[in-house]
$ cat entry-v3.pdb   # PDB, C-alpha atoms and all ligand atoms
ATOM      1  CA  MET A   1      13.641 -11.813 -21.446  1.00  0.00           C
ATOM      2  CA  THR A   2      12.718  -9.912 -18.271  1.00  0.00           C
ATOM      3  CA  ARG A   3      15.026  -7.001 -17.554  1.00  0.00           C
ATOM      4  CA  ARG A   4      16.009  -6.527 -13.949  1.00  0.00           C
ATOM      5  CA  ALA A   5      16.875  -3.372 -12.060  1.00  0.00           C
ATOM      6  CA  ILE A   6      18.535  -2.789  -8.715  1.00  0.00           C
ATOM      7  CA  VAL A   7      16.955   0.087  -6.809  1.00  0.00           C
ATOM      8  CA  ALA A   8      17.765   1.039  -3.233  1.00  0.00           C
ATOM      9  CA  GLY A   9      19.728  -2.178  -3.017  1.00  0.00           C
ATOM     10  CA  LEU A  10      16.743  -4.268  -4.028  1.00  0.00           C
ATOM     11  CA  ASP A  11      16.199  -6.155  -7.228  1.00  0.00           C
ATOM     12  CA  ILE A  12      12.907  -5.083  -8.850  1.00  0.00           C
ATOM     13  CA  ILE A  13      12.642  -7.660 -11.544  1.00  0.00           C
ATOM     14  CA  ASN A  14      10.450  -5.890 -14.123  1.00  0.00           C
ATOM     15  CA  LEU A  15      11.087  -2.243 -13.294  1.00  0.00           C
ATOM     16  CA  ASP A  16      12.552  -1.240 -16.634  1.00  0.00           C
ATOM     17  CA  ALA A  17       9.663  -2.706 -18.609  1.00  0.00           C
ATOM     18  CA  ALA A  18       6.814  -1.655 -16.311  1.00  0.00           C
ATOM     19  CA  ARG A  19       4.504   1.275 -17.058  1.00  0.00           C
ATOM     20  CA  TYR A  20       2.422   2.846 -14.320  1.00  0.00           C
ATOM     21  CA  GLU A  21       0.703   6.076 -13.468  1.00  0.00           C
ATOM     22  CA  CYS A  22      -1.554   6.666 -10.498  1.00  0.00           C
ATOM     23  CA  VAL A  23      -4.445   8.930 -11.427  1.00  0.00           C
ATOM     24  CA  TYR A  24      -6.039   9.157  -7.999  1.00  0.00           C
ATOM     25  CA  PRO A  25      -8.360  10.913  -7.239  1.00  0.00           C
ATOM     26  CA  GLU A  26      -9.756  10.711 -10.790  1.00  0.00           C
ATOM     27  CA  CYS A  27     -10.144   6.938 -10.406  1.00  0.00           C
ATOM     28  CA  GLY A  28     -12.171   7.317  -7.217  1.00  0.00           C
ATOM     29  CA  GLY A  29      -9.724   5.181  -5.273  1.00  0.00           C
ATOM     30  CA  ILE A  30     -10.826   2.059  -7.125  1.00  0.00           C
ATOM     31  CA  CYS A  31      -7.880   0.069  -5.734  1.00  0.00           C
ATOM     32  CA  CYS A  32      -9.561   0.276  -2.317  1.00  0.00           C
ATOM     33  CA  LYS A  33     -12.593  -1.602  -3.656  1.00  0.00           C
ATOM     34  CA  HIS A  34     -12.379  -5.243  -2.578  1.00  0.00           C
ATOM     35  CA  PRO A  35      -8.675  -4.832  -1.784  1.00  0.00           C
ATOM     36  CA  ARG A  36      -8.141  -6.926   1.344  1.00  0.00           C
ATOM     37  CA  PRO A  37      -4.495  -6.094   1.987  1.00  0.00           C
ATOM     38  CA  ALA A  38      -2.690  -8.280   4.484  1.00  0.00           C
ATOM     39  CA  VAL A  39      -1.579  -6.468   7.638  1.00  0.00           C
ATOM     40  CA  GLU A  40       1.480  -7.198   9.726  1.00  0.00           C
ATOM     41  CA  SER A  41       1.200  -7.874  13.452  1.00  0.00           C
ATOM     42  CA  ASP A  42       2.699  -4.516  14.455  1.00  0.00           C
ATOM     43  CA  GLU A  43       0.482  -2.732  11.937  1.00  0.00           C
ATOM     44  CA  GLN A  44      -2.539  -4.369  13.531  1.00  0.00           C
ATOM     45  CA  GLN A  45      -1.383  -3.232  16.969  1.00  0.00           C
ATOM     46  CA  ASN A  46      -0.869   0.300  15.687  1.00  0.00           C
ATOM     47  CA  LEU A  47      -4.379   0.403  14.230  1.00  0.00           C
ATOM     48  CA  ALA A  48      -5.999  -1.114  17.305  1.00  0.00           C
ATOM     49  CA  ALA A  49      -4.297   1.423  19.566  1.00  0.00           C
ATOM     50  CA  SER A  50      -5.487   4.297  17.356  1.00  0.00           C
ATOM     51  CA  MET A  51      -9.052   3.170  16.737  1.00  0.00           C
ATOM     52  CA  ASP A  52     -10.582   5.990  18.785  1.00  0.00           C
ATOM     53  CA  LYS A  53      -9.122   8.454  16.261  1.00  0.00           C
ATOM     54  CA  ILE A  54      -9.893   6.335  13.218  1.00  0.00           C
ATOM     55  CA  LEU A  55     -13.519   5.404  13.911  1.00  0.00           C
ATOM     56  CA  PRO A  56     -15.068   8.902  13.575  1.00  0.00           C
ATOM     57  CA  ARG A  57     -13.577   9.159  10.075  1.00  0.00           C
ATOM     58  CA  LEU A  58     -15.241   5.997   8.764  1.00  0.00           C
ATOM     59  CA  ARG A  59     -18.456   5.485   6.856  1.00  0.00           C
ATOM     60  CA  PRO A  60     -21.462   4.847   9.134  1.00  0.00           C
ATOM     61  CA  GLU A  61     -21.767   1.300   7.818  1.00  0.00           C
ATOM     62  CA  ALA A  62     -18.096   0.668   8.563  1.00  0.00           C
ATOM     63  CA  GLN A  63     -18.498   2.065  12.065  1.00  0.00           C
ATOM     64  CA  ASP A  64     -21.483  -0.208  12.569  1.00  0.00           C
ATOM     65  CA  TYR A  65     -19.513  -3.196  11.267  1.00  0.00           C
ATOM     66  CA  LEU A  66     -16.608  -2.476  13.600  1.00  0.00           C
ATOM     67  CA  SER A  67     -18.953  -2.232  16.577  1.00  0.00           C
ATOM     68  CA  ARG A  68     -19.532  -5.953  16.068  1.00  0.00           C
ATOM     69  CA  ASN A  69     -16.384  -7.208  14.318  1.00  0.00           C
ATOM     70  CA  PRO A  70     -12.617  -6.725  14.282  1.00  0.00           C
ATOM     71  CA  PHE A  71     -11.060  -4.780  11.398  1.00  0.00           C
ATOM     72  CA  THR A  72      -9.315  -7.930  10.172  1.00  0.00           C
ATOM     73  CA  THR A  73     -10.961 -11.085   8.907  1.00  0.00           C
ATOM     74  CA  LEU A  74     -10.119 -14.771   9.023  1.00  0.00           C
ATOM     75  CA  ARG A  75      -9.208 -14.591   5.342  1.00  0.00           C
ATOM     76  CA  LYS A  76      -5.414 -14.705   5.070  1.00  0.00           C
ATOM     77  CA  LYS A  77      -2.777 -13.666   2.565  1.00  0.00           C
ATOM     78  CA  ASP A  78       0.936 -14.151   3.071  1.00  0.00           C
ATOM     79  CA  GLY A  79      -0.084 -15.969   6.261  1.00  0.00           C
ATOM     80  CA  LEU A  80      -1.496 -12.739   7.695  1.00  0.00           C
ATOM     81  CA  PRO A  81      -5.024 -11.500   8.401  1.00  0.00           C
ATOM     82  CA  THR A  82      -6.526  -9.148   5.841  1.00  0.00           C
ATOM     83  CA  LEU A  83      -8.521  -5.953   6.252  1.00  0.00           C
ATOM     84  CA  ALA A  84     -12.286  -6.294   6.229  1.00  0.00           C
ATOM     85  CA  VAL A  85     -14.444  -5.083   3.371  1.00  0.00           C
ATOM     86  CA  VAL A  86     -17.765  -3.363   4.081  1.00  0.00           C
ATOM     87  CA  ASP A  87     -20.213  -2.785   1.217  1.00  0.00           C
ATOM     88  CA  HIS A  88     -17.496  -3.556  -1.339  1.00  0.00           C
ATOM     89  CA  TRP A  89     -14.953  -1.058  -0.012  1.00  0.00           C
ATOM     90  CA  CYS A  90     -12.104  -1.421   2.470  1.00  0.00           C
ATOM     91  CA  VAL A  91     -13.381  -0.849   5.978  1.00  0.00           C
ATOM     92  CA  PHE A  92     -11.038   2.155   6.198  1.00  0.00           C
ATOM     93  CA  PHE A  93     -12.172   3.748   2.930  1.00  0.00           C
ATOM     94  CA  ASN A  94     -14.408   6.795   3.057  1.00  0.00           C
ATOM     95  CA  GLY A  95     -14.027   8.670  -0.211  1.00  0.00           C
ATOM     96  CA  GLY A  96     -10.293   8.106   0.240  1.00  0.00           C
ATOM     97  CA  CYS A  97      -8.097   6.292   2.719  1.00  0.00           C
ATOM     98  CA  THR A  98      -8.947   7.500   6.198  1.00  0.00           C
ATOM     99  CA  LEU A  99      -5.670   6.050   7.487  1.00  0.00           C
ATOM    100  CA  HIS A 100      -3.815   8.230   4.990  1.00  0.00           C
ATOM    101  CA  THR A 101      -5.746  11.396   5.855  1.00  0.00           C
ATOM    102  CA  LEU A 102      -5.475  10.801   9.595  1.00  0.00           C
ATOM    103  CA  GLY A 103      -1.731  10.291   9.303  1.00  0.00           C
ATOM    104  CA  ALA A 104      -1.385  13.359   7.078  1.00  0.00           C
ATOM    105  CA  SER A 105      -3.274  15.426   9.643  1.00  0.00           C
ATOM    106  CA  GLU A 106      -0.616  14.408  12.157  1.00  0.00           C
ATOM    107  CA  GLY A 107       2.256  15.186   9.794  1.00  0.00           C
ATOM    108  CA  ASP A 108       2.999  11.656   8.571  1.00  0.00           C
ATOM    109  CA  ARG A 109       0.690  10.320   5.863  1.00  0.00           C
ATOM    110  CA  TRP A 110       1.988   6.786   6.308  1.00  0.00           C
ATOM    111  CA  LYS A 111       1.741   6.614  10.075  1.00  0.00           C
ATOM    112  CA  TYR A 112      -1.202   4.197  10.078  1.00  0.00           C
ATOM    113  CA  LYS A 113      -1.250   2.766   6.555  1.00  0.00           C
ATOM    114  CA  PRO A 114      -0.293  -0.882   5.964  1.00  0.00           C
ATOM    115  CA  TRP A 115       2.936  -1.131   3.996  1.00  0.00           C
ATOM    116  CA  ARG A 116       1.217  -3.108   1.266  1.00  0.00           C
ATOM    117  CA  CYS A 117      -0.953  -0.077   0.598  1.00  0.00           C
ATOM    118  CA  ILE A 118       1.990   2.312   0.707  1.00  0.00           C
ATOM    119  CA  ALA A 119       4.127   0.256  -1.639  1.00  0.00           C
ATOM    120  CA  PHE A 120       1.426  -0.588  -4.198  1.00  0.00           C
ATOM    121  CA  PRO A 121       1.914  -1.432  -7.067  1.00  0.00           C
ATOM    122  CA  LEU A 122       5.247  -2.767  -5.825  1.00  0.00           C
ATOM    123  CA  ASP A 123       4.927  -6.184  -4.247  1.00  0.00           C
ATOM    124  CA  ARG A 124       6.947  -9.294  -3.443  1.00  0.00           C
ATOM    125  CA  ASP A 125       6.379 -12.459  -5.409  1.00  0.00           C
ATOM    126  CA  GLN A 126       6.271 -15.962  -3.983  1.00  0.00           C
ATOM    127  CA  ASN A 127      10.068 -16.117  -4.138  1.00  0.00           C
ATOM    128  CA  GLY A 128      10.549 -12.839  -2.285  1.00  0.00           C
ATOM    129  CA  ASN A 129      11.454 -10.870  -5.418  1.00  0.00           C
ATOM    130  CA  TRP A 130      10.133  -7.338  -5.686  1.00  0.00           C
ATOM    131  CA  TYR A 131       8.245  -6.483  -8.853  1.00  0.00           C
ATOM    132  CA  VAL A 132       5.771  -3.982 -10.263  1.00  0.00           C
ATOM    133  CA  ARG A 133       2.292  -5.423 -10.429  1.00  0.00           C
ATOM    134  CA  GLN A 134       1.267  -5.390 -14.088  1.00  0.00           C
ATOM    135  CA  HIS A 135      -1.105  -7.325 -16.262  1.00  0.00           C
ATOM    136  CA  GLY A 136       0.997 -10.009 -17.879  1.00  0.00           C
ATOM    137  CA  THR A 137       3.399 -10.276 -14.953  1.00  0.00           C
ATOM    138  CA  ASN A 138       3.281 -12.947 -12.280  1.00  0.00           C
ATOM    139  CA  ASP A 139      -0.247 -13.984 -13.311  1.00  0.00           C
ATOM    140  CA  GLU A 140      -1.691 -10.650 -12.212  1.00  0.00           C
ATOM    141  CA  ALA A 141      -5.425 -11.198 -11.865  1.00  0.00           C
ATOM    142  CA  TRP A 142      -6.674  -7.835 -10.591  1.00  0.00           C
ATOM    143  CA  ASP A 143      -8.416  -6.058 -13.464  1.00  0.00           C
ATOM    144  CA  LEU A 144      -7.482  -2.540 -12.357  1.00  0.00           C
ATOM    145  CA  PHE A 145      -6.892  -0.370 -15.402  1.00  0.00           C
ATOM    146  CA  CYS A 146      -3.791   1.171 -13.821  1.00  0.00           C
ATOM    147  CA  LEU A 147      -2.118  -2.241 -13.780  1.00  0.00           C
ATOM    148  CA  ASN A 148      -2.422  -2.414 -17.547  1.00  0.00           C
ATOM    149  CA  PRO A 149       0.908  -1.185 -18.946  1.00  0.00           C
ATOM    150  CA  ALA A 150      -0.865  -0.170 -22.165  1.00  0.00           C
ATOM    151  CA  GLN A 151      -2.768   2.485 -20.202  1.00  0.00           C
ATOM    152  CA  SER A 152       0.275   4.629 -19.507  1.00  0.00           C
ATOM    153  CA  PRO A 153       3.399   5.574 -21.422  1.00  0.00           C
ATOM    154  CA  LYS A 154       5.145   6.484 -18.171  1.00  0.00           C
ATOM    155  CA  PRO A 155       7.955   4.221 -16.969  1.00  0.00           C
ATOM    156  CA  ALA A 156       7.282   2.932 -13.473  1.00  0.00           C
ATOM    157  CA  ARG A 157      10.874   3.840 -12.664  1.00  0.00           C
ATOM    158  CA  ASP A 158       9.866   7.517 -13.042  1.00  0.00           C
ATOM    159  CA  THR A 159       6.556   7.365 -11.177  1.00  0.00           C
ATOM    160  CA  LEU A 160       7.230   5.154  -8.184  1.00  0.00           C
ATOM    161  CA  GLY A 161       9.847   7.159  -6.321  1.00  0.00           C
ATOM    162  CA  PRO A 162       8.285   7.114  -2.822  1.00  0.00           C
ATOM    163  CA  GLU A 163       7.217   3.502  -3.245  1.00  0.00           C
ATOM    164  CA  MET A 164      10.725   2.416  -4.185  1.00  0.00           C
ATOM    165  CA  ALA A 165      12.102   4.362  -1.246  1.00  0.00           C
ATOM    166  CA  ILE A 166       9.895   2.554   1.225  1.00  0.00           C
ATOM    167  CA  ILE A 167      10.440  -1.016   0.121  1.00  0.00           C
ATOM    168  CA  ALA A 168      13.998  -1.090   1.430  1.00  0.00           C
ATOM    169  CA  LYS A 169      12.570  -0.284   4.861  1.00  0.00           C
ATOM    170  CA  VAL A 170       9.875  -2.894   4.395  1.00  0.00           C
ATOM    171  CA  GLU A 171      12.466  -5.472   3.448  1.00  0.00           C
ATOM    172  CA  GLU A 172      14.579  -4.713   6.495  1.00  0.00           C
ATOM    173  CA  ARG A 173      11.688  -4.539   8.944  1.00  0.00           C
ATOM    174  CA  TYR A 174       9.664  -7.542   7.867  1.00  0.00           C
ATOM    175  CA  PHE A 175      11.826  -9.815   5.764  1.00  0.00           C
ATOM    176  CA  SER A 176      15.456  -9.515   6.832  1.00  0.00           C
ATOM    177  CA  HIS A 177      14.860 -11.503  10.009  1.00  0.00           C
ATOM    178  CA  LYS A 178      16.909  -8.935  11.889  1.00  0.00           C
ATOM    179  CA  ALA A 179      15.742  -7.780  15.289  1.00  0.00           C
ATOM    180  CA  VAL A 180      13.580  -4.675  14.886  1.00  0.00           C
ATOM    181  CA  PRO A 181      12.585  -2.137  17.512  1.00  0.00           C
ATOM    182  CA  ALA A 182       9.386  -2.740  19.416  1.00  0.00           C
ATOM    183  CA  ALA A 183       6.312  -1.560  17.553  1.00  0.00           C
ATOM    184  CA  SER A 184       6.069   2.187  17.578  1.00  0.00           C
ATOM    185  CA  SER A 185       3.312   4.519  16.542  1.00  0.00           C
ATOM    186  CA  THR A 186       5.208   5.198  13.332  1.00  0.00           C
ATOM    187  CA  LEU A 187       6.169   1.988  11.616  1.00  0.00           C
ATOM    188  CA  LEU A 188       7.552   3.230   8.320  1.00  0.00           C
ATOM    189  CA  ARG A 189       8.395   6.881   8.081  1.00  0.00           C
ATOM    190  CA  PHE A 190       8.853   8.249   4.585  1.00  0.00           C
ATOM    191  CA  ASP A 191      11.398  10.987   4.081  1.00  0.00           C
ATOM    192  CA  PRO A 192      10.950  12.747   0.711  1.00  0.00           C
ATOM    193  CA  ALA A 193      14.722  13.201   0.594  1.00  0.00           C
ATOM    194  CA  GLU A 194      14.990   9.442   0.254  1.00  0.00           C
ATOM    195  CA  THR A 195      13.017   9.357  -2.974  1.00  0.00           C
ATOM    196  CA  VAL A 196      15.082   7.308  -5.374  1.00  0.00           C
ATOM    197  CA  ALA A 197      13.557   8.405  -8.658  1.00  0.00           C
ATOM    198  CA  PRO A 198      11.410  11.253  -9.956  1.00  0.00           C
ATOM    199  CA  ALA A 199       7.894  10.774  -8.642  1.00  0.00           C
ATOM    200  CA  ASN A 200       4.476  11.935  -9.752  1.00  0.00           C
ATOM    201  CA  ASN A 201       3.069  11.959  -6.272  1.00  0.00           C
ATOM    202  CA  GLY A 202       5.590  13.611  -4.027  1.00  0.00           C
ATOM    203  CA  ASP A 203       4.791  15.592  -0.944  1.00  0.00           C
ATOM    204  CA  GLY A 204       2.077  18.141  -1.416  1.00  0.00           C
ATOM    205  CA  ALA A 205       0.611  16.427  -4.470  1.00  0.00           C
ATOM    206  CA  PRO A 206      -2.416  14.130  -4.344  1.00  0.00           C
ATOM    207  CA  THR A 207      -1.241  10.674  -3.404  1.00  0.00           C
ATOM    208  CA  LYS A 208      -2.876   7.485  -4.483  1.00  0.00           C
ATOM    209  CA  CYS A 209      -5.074   5.574  -2.156  1.00  0.00           C
ATOM    210  CA  PRO A 210      -3.707   2.199  -2.942  1.00  0.00           C
ATOM    211  CA  ALA A 211      -4.629  -1.234  -1.838  1.00  0.00           C
ATOM    212  CA  ALA A 212      -2.490  -4.231  -2.248  1.00  0.00           C
ATOM    213  CA  ASN A 213      -4.000  -7.479  -3.322  1.00  0.00           C
ATOM    214  CA  ILE A 214      -7.107  -8.954  -4.673  1.00  0.00           C
TER     215      ILE A 214
HETATM  216  S1  LIG A 301      -5.186   2.407   1.152  1.00  0.00           S
HETATM  217 FE1  LIG A 301      -5.326   0.382   2.129  1.00  0.00          FE
HETATM  218  S2  LIG A 301      -6.055   0.789   4.237  1.00  0.00           S
HETATM  219 FE2  LIG A 301      -6.429   2.629   3.042  1.00  0.00          FE
HETATM  220  S3  LIG A 301      -8.581   2.404   2.352  1.00  0.00           S
HETATM  221 FE3  LIG A 301      -7.249   1.606   0.702  1.00  0.00          FE
HETATM  222  S4  LIG A 301      -7.071  -0.607   1.096  1.00  0.00           S
HETATM  223 FE4  LIG A 301      -7.853   0.357   2.986  1.00  0.00          FE
END
$ encode --input "entry-v3.pdb" --output "structure tokens" --more "lines below"
Ligand code: SF4
Amino acid sequence: MTRRAIVAGLDIINLDAARYECVYPECGGICCKHPRPAVESDEQQNLAASMDKILPRLRPEAQDYLSRNPFTTLRKKDGLPTLAVVDHWCVFFNGGCTLHTLGASEGDRWKYKPWRCIAFPLDRDQNGNWYVRQHGTNDEAWDLFCLNPAQSPKPARDTLGPEMAIIAKVEERYFSHKAVPAASSTLLRFDPAETVAPANNGDGAPTKCPAANI
């Protein structure tokens, strides 16, 4: 029987059973290879408005691609456009997430990053329930080693502090159907003081470069 856990007011259905440890950068940012995360409308606006700062950080082939194409594709997930992939990697990947490093250089590592990348491996299922993506849960099909609970003895509850802190904001902003402020340059601001469990990637430590979906 699946054990459930309430964290930050949200039910994360497999939190107590899940095992997860991000080993970025040792993994090379493999979750940004063929990731195609969906991006919300305000996230798209934020990226489009900041493209002059983002473009110089991208791989030459990604810059060339974006000179002829938008950064989203017609391929949809959750009813939303998804980020383009160039030569197997996310268009915004260049040895790491350029959206993460640009945001960090401006004092907010999550200023430009889609929430699905921030929250990974937390995700919502088709019924709107939050869960930890794991092999053996919700028909997980992505063969990332870090989604294999046998690869880590660490409880996800202990390693996903920042991610659990952000999903309450995600839930309110995108799924509560409440009125939200007009899109701002900072969509989801993470405050380390809001961390809800011990984390292995708090401020100052290397942070994963996560994607969201296959
Ligand atoms: S974290 Fe997300 S936006 Fe950044 S490179 Fe990876 S898939 Fe792309």
$ residues_near_ligand --input "entry-v3.pdb" --ligand "ligand LIG 301 (chain A)" --cutoff "10 Å" --atoms "all atoms listed in the file" --output "ChimeraX atom specification"
/A:29-39,58,82-85,89-101,110,112-120,208-213
$ closest_residue --input "entry-v3.pdb" --among "A:Ala165, A:His177, A:Cys146, A:Glu172" --to "Tyr24 in chain A" --atoms "all atoms listed in the file"
A:Cys146
$ atom_distance --input "entry-v3.pdb" --atom1 "CA of Glu140 in chain A" --atom2 "CA of Phe175 in chain A"
22.5 Å
$ atom_distance --input "entry-v3.pdb" --atom1 "CA of Gly103 in chain A" --atom2 "CA of Glu21 in chain A"
23.3 Å
$ atom_distance --input "entry-v3.pdb" --atom1 "CA of Glu40 in chain A" --atom2 "CA of Leu144 in chain A"
24.3 Å
$ residues_around --input "entry-v3.pdb" --residues "range 147-151 of chain A" --least-positions-apart "4" --cutoff "7 Å" --atoms "all atoms listed in the file" --output "CSV table (one decimal) with C-alpha atoms, in the frame of the given file"
chain,number,residue,atom,x,y,z
A,18,ALA,CA,6.8,-1.7,-16.3
A,19,ARG,CA,4.5,1.3,-17.1
A,20,TYR,CA,2.4,2.8,-14.3
A,133,ARG,CA,2.3,-5.4,-10.4
A,134,GLN,CA,1.3,-5.4,-14.1
A,135,HIS,CA,-1.1,-7.3,-16.3
$ resolve_selection --input "entry-v3.pdb" --expression "the PyMOL selection byres (((chain A and resi 5-16) around 9) and not hetatm)" --output "ChimeraX atom specification"
/A:2-4,17-19,122,129-133,137,155-157,164-165,167-168,171,196
$ build_atoms --input "entry-v3.pdb" --residues "range 44-59 of chain A" --atoms "N, CA and C atoms" --output "compact mmCIF listing (two decimals), keeping the file's coordinate frame"
# COMPACT_ATOMS: atom_id res chain seq x y z
N GLN A 44 -1.26 -4.13 12.85
CA GLN A 44 -2.54 -4.37 13.53
C GLN A 44 -2.56 -3.71 14.91
N GLN A 45 -1.46 -3.83 15.62
CA GLN A 45 -1.38 -3.23 16.97
C GLN A 45 -1.50 -1.71 16.87
N ASN A 46 -0.83 -1.14 15.88
CA ASN A 46 -0.87 0.30 15.69
C ASN A 46 -2.30 0.77 15.40
N LEU A 47 -3.00 0.04 14.56
CA LEU A 47 -4.38 0.40 14.23
C LEU A 47 -5.29 0.25 15.44
N ALA A 48 -5.13 -0.87 16.15
CA ALA A 48 -6.00 -1.11 17.30
C ALA A 48 -5.81 -0.02 18.36
N ALA A 49 -4.57 0.41 18.55
CA ALA A 49 -4.30 1.42 19.57
C ALA A 49 -4.80 2.80 19.15
N SER A 50 -5.09 2.98 17.86
CA SER A 50 -5.49 4.30 17.36
C SER A 50 -6.95 4.33 16.94
N MET A 51 -7.70 3.30 17.27
CA MET A 51 -9.05 3.17 16.74
C MET A 51 -9.98 4.31 17.19
N ASP A 52 -9.73 4.89 18.35
CA ASP A 52 -10.58 5.99 18.78
C ASP A 52 -10.45 7.19 17.85
N LYS A 53 -9.30 7.35 17.22
CA LYS A 53 -9.12 8.45 16.26
C LYS A 53 -9.59 8.07 14.87
N ILE A 54 -9.54 6.80 14.56
CA ILE A 54 -9.89 6.34 13.22
C ILE A 54 -11.41 6.25 13.04
N LEU A 55 -12.08 5.71 14.04
CA LEU A 55 -13.52 5.40 13.91
C LEU A 55 -14.37 6.60 13.44
N PRO A 56 -14.19 7.80 14.01
CA PRO A 56 -15.07 8.90 13.58
C PRO A 56 -14.91 9.26 12.11
N ARG A 57 -13.83 8.83 11.47
CA ARG A 57 -13.58 9.16 10.07
C ARG A 57 -14.22 8.15 9.11
N LEU A 58 -14.76 7.08 9.62
CA LEU A 58 -15.24 6.00 8.76
C LEU A 58 -16.69 6.19 8.34
N ARG A 59 -17.06 5.49 7.29
CA ARG A 59 -18.46 5.48 6.86
C ARG A 59 -19.34 4.92 7.97
